[in-house]
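The block underneath contains the structure these notes are about, expressed in structure tokens.
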Amino acid sequence: MLAALVAIIGLLVTVSYMGGRIQERAGESTSTQPSAPAPAPAPAPAPARAAAPPAAPITVARGPAPAAAPVASPTTAKKLEEERAAKASSDALAVELEDVRTKLANGQNAQAIVALNAFIEQRPPERLAADAHLLLGQAYEASGRNDESMTEFAAVAQTFPKSPRAPEALFRQAQGVLRSRQPRREQVSRTLLTQIAEGYPSSEWAGRALLQRAEIEERVRERVADATVGGQVPIVLLTYRLLAERYPSRSENALWRMSEIYGDMDRYPLQAQALTELSTRFPATKYDAYWKLGEVSERRLKDKARAIEAYSKVPSTSPKYRDARKKVEELNRR
């Protein structure tokens with residue numbers, strides 16, 4: 001038993017010894033194995049950039065903000081409403097007046113007179129009232145009611161002197177006066193025509209008024225002093241001269257008559273001047289202006305060169321064309 005105990009104890013010692021050795025070897029084996037690579041150091045953080053300045057806000061150019069529509073006050077609203085109503089009424093009256101014009105154009109004079117009198121009683125605006133009185137005067141005129149027509153024409157000129165219808169009304173009134181039996185009708189008519197020429201010189205009726213005045217003055221044969229001529233002249237000469245100066249397009253007959261009057265008064269330079277203006281303004285004039293100018297230059301002014309020039313311009317349509325050719329040859333031989 002003792003021996004067995006000793007053997008057991010020896011066995012235990014041996015086992016303990018062997019276990020220790022095994023542990024030592026295991027430790028060495030572990031120490032000799034390569035160690036796992038150390039983890040790579042984390043990259044150093046990049047230096048922080050300076051913070052960029054905030055972007056400037058984009059400004060979009062815009063027009064001024066629309067102003068809020070003003071709120072119309074009751075007074076303004078009422079005024080606008082009245083203006084609209086007045087315009088609507090004026091438009092309706094204008095249409096009504098056009099219907100009357102149609103009646104007058106169709107020869108319905110009696111119906112036009114009734115309609116126009118009713119129209120005037122409505123107290124239309126000034127422009128339409130002037131038109132109505134003028135049309136009424138024309139309706140009376142077409143009906144042979146001369147005195148009533150002149151009354152209406154006079155109403156236009158006196159009541160609406162700034163109306164574009166005023167010079168026409170005066171012209172028609174002047175014609176009515178000439179048709180009347182007034183003892184001084186020519187003088188009164190001339191006064192009215194002069195009023196047109198002086199008061200409405202830019203009107204289309206001014207030139208017509210001077211032509212009408214000249215017709216009257218040709219009959220009365222009145223004479224007045226004239227500084228241009230230097231003596232007494234027929235009063236119609238002043239009218240013709242004014243017509244030639246102001247209204248060249250209407251001056252054909254005026255220049256011809258001026259040349260005749262100057263010739264009768266032996267004012268040959270003025271006669272030649274009038275003929276020259278006539279032929280220059282109206283190359284196709286109905287008068288033999290170049291032939292007459294040639295005669296005056298040859299016989300009165302003794303201007304050979306001017307006479308040749310005038311004769312050579314006599315148109316082939318003139319009955320004096322052949323004579324003018326002969327005159328040119330004759331004067332060239334001298």
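Letters for chains follow the order of the structure tokens (A, B, ...), residue numbers begin at 1 for each chain, and ligand numbers begin at 1 in the order shown.
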Worksheet entry | Surrounding residues of Ala169 of chain A excluding itself and chain neighbours under 3 positions, 9 Å, only C-alpha atoms, as a ChimeraX atom specification | /A:134,137,150,152-157,165-166,172-174
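Of the residues listed (A:Ser251, A:Gln187, A:Gln232, A:Gln175), A:Gln187 shows the shortest atom-to-atom separation from Arg219 of chain A; distances use only C-alpha atoms.
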Discussion item. As a PyMOL selection string, please: the residues near segment 92-106 of chain A (cut-off 8 Å, only C-alpha atoms, same-chain neighbours under 2 positions excluded).
Written reply: chain A and resi 88-90+108-109+111-112+115-116+119+124+128+132+135+139
Fill in: d(atom CA of Arg281 of chain A, atom CA of Leu293 of chain A) in Å
14.5 Å
Discussion item. Residues within 8 Å of Ala324 of chain A, please, as an NGL selection string. Count only C-alpha atoms; anything in the same chain fewer than 3 positions from it doesn't count.
Written reply: :A and (291 or 311-312 or 314 or 320-321 or 327-328)
Discussion item. Ranking A:Ile120, A:Val177, A:Val220, A:Ile113 by minimum distance to Gln138 of chain A and counting only C-alpha atoms, which one comes first?
Written reply: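 Using only C-alpha atoms, Gln138 of chain A sits closest to A:Ile113.
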Worksheet, complete the sentence: In terms of only C-alpha atoms, the residue from A:Arg299, A:Arg208, A:Ala284, A:Ala307 at minimal distance from Leu170 of chain A is A:Arg208
Discussion item. Please extract the residues of segment 228-316 of chain A with a backbone DSSP assignment of strand (DSSP E or B) and present them as a list in words.
Written reply: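 Taking segment 228-316 of chain A and keeping strand (DSSP E or B) only, one gets Gly231, Gln232, Val233 and Pro234 of chain A.
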Residue selection dump (N, CA and C atoms) as a PDB file, in the first residue's frame:
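Contents of out_18.pdb, freshly written:
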```pdb
ATOM      1  N   GLY A 231     -51.885 155.367-108.328  1.00  0.00           N
ATOM      2  CA  GLY A 231     -53.032 156.115-108.827  1.00  0.00           C
ATOM      3  C   GLY A 231     -54.317 155.362-108.547  1.00  0.00           C
ATOM      4  N   GLN A 232     -55.375 155.806-109.166  1.00  0.00           N
ATOM      5  CA  GLN A 232     -56.677 155.172-109.011  1.00  0.00           C
ATOM      6  C   GLN A 232     -56.749 153.917-109.881  1.00  0.00           C
ATOM      7  N   VAL A 233     -57.261 152.876-109.296  1.00  0.00           N
ATOM      8  CA  VAL A 233     -57.382 151.605-110.021  1.00  0.00           C
ATOM      9  C   VAL A 233     -58.767 151.033-109.753  1.00  0.00           C
ATOM     10  N   PRO A 234     -59.254 150.157-110.630  1.00  0.00           N
ATOM     11  CA  PRO A 234     -60.505 149.458-110.335  1.00  0.00           C
ATOM     12  C   PRO A 234     -60.348 148.649-109.044  1.00  0.00           C
TER      13      PRO A 234
END
```
Fill in: Non-local contacts of Thr239 of chain A (8 Å; only C-alpha atoms; under 6 positions in same chain excluded) as a list in words
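These residues fall inside the cut-off: Leu210, Arg213 and Ala214 of chain A.
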Practice prompt. Just list the residues in segment 142-202 of chain A DSSP gives helix (DSSP H, G or I) on the backbone, as a ChimeraX atom specification.
Written response: /A:142,146-159,166-179,185-199
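The list of residues with at least one atom within 8 Å of Ala209 of chain A, based on only C-alpha atoms and without residues fewer than 6 positions apart in the same chain, reads A:Phe171, A:Leu193, A:Thr194, A:Ile196, A:Ala197.
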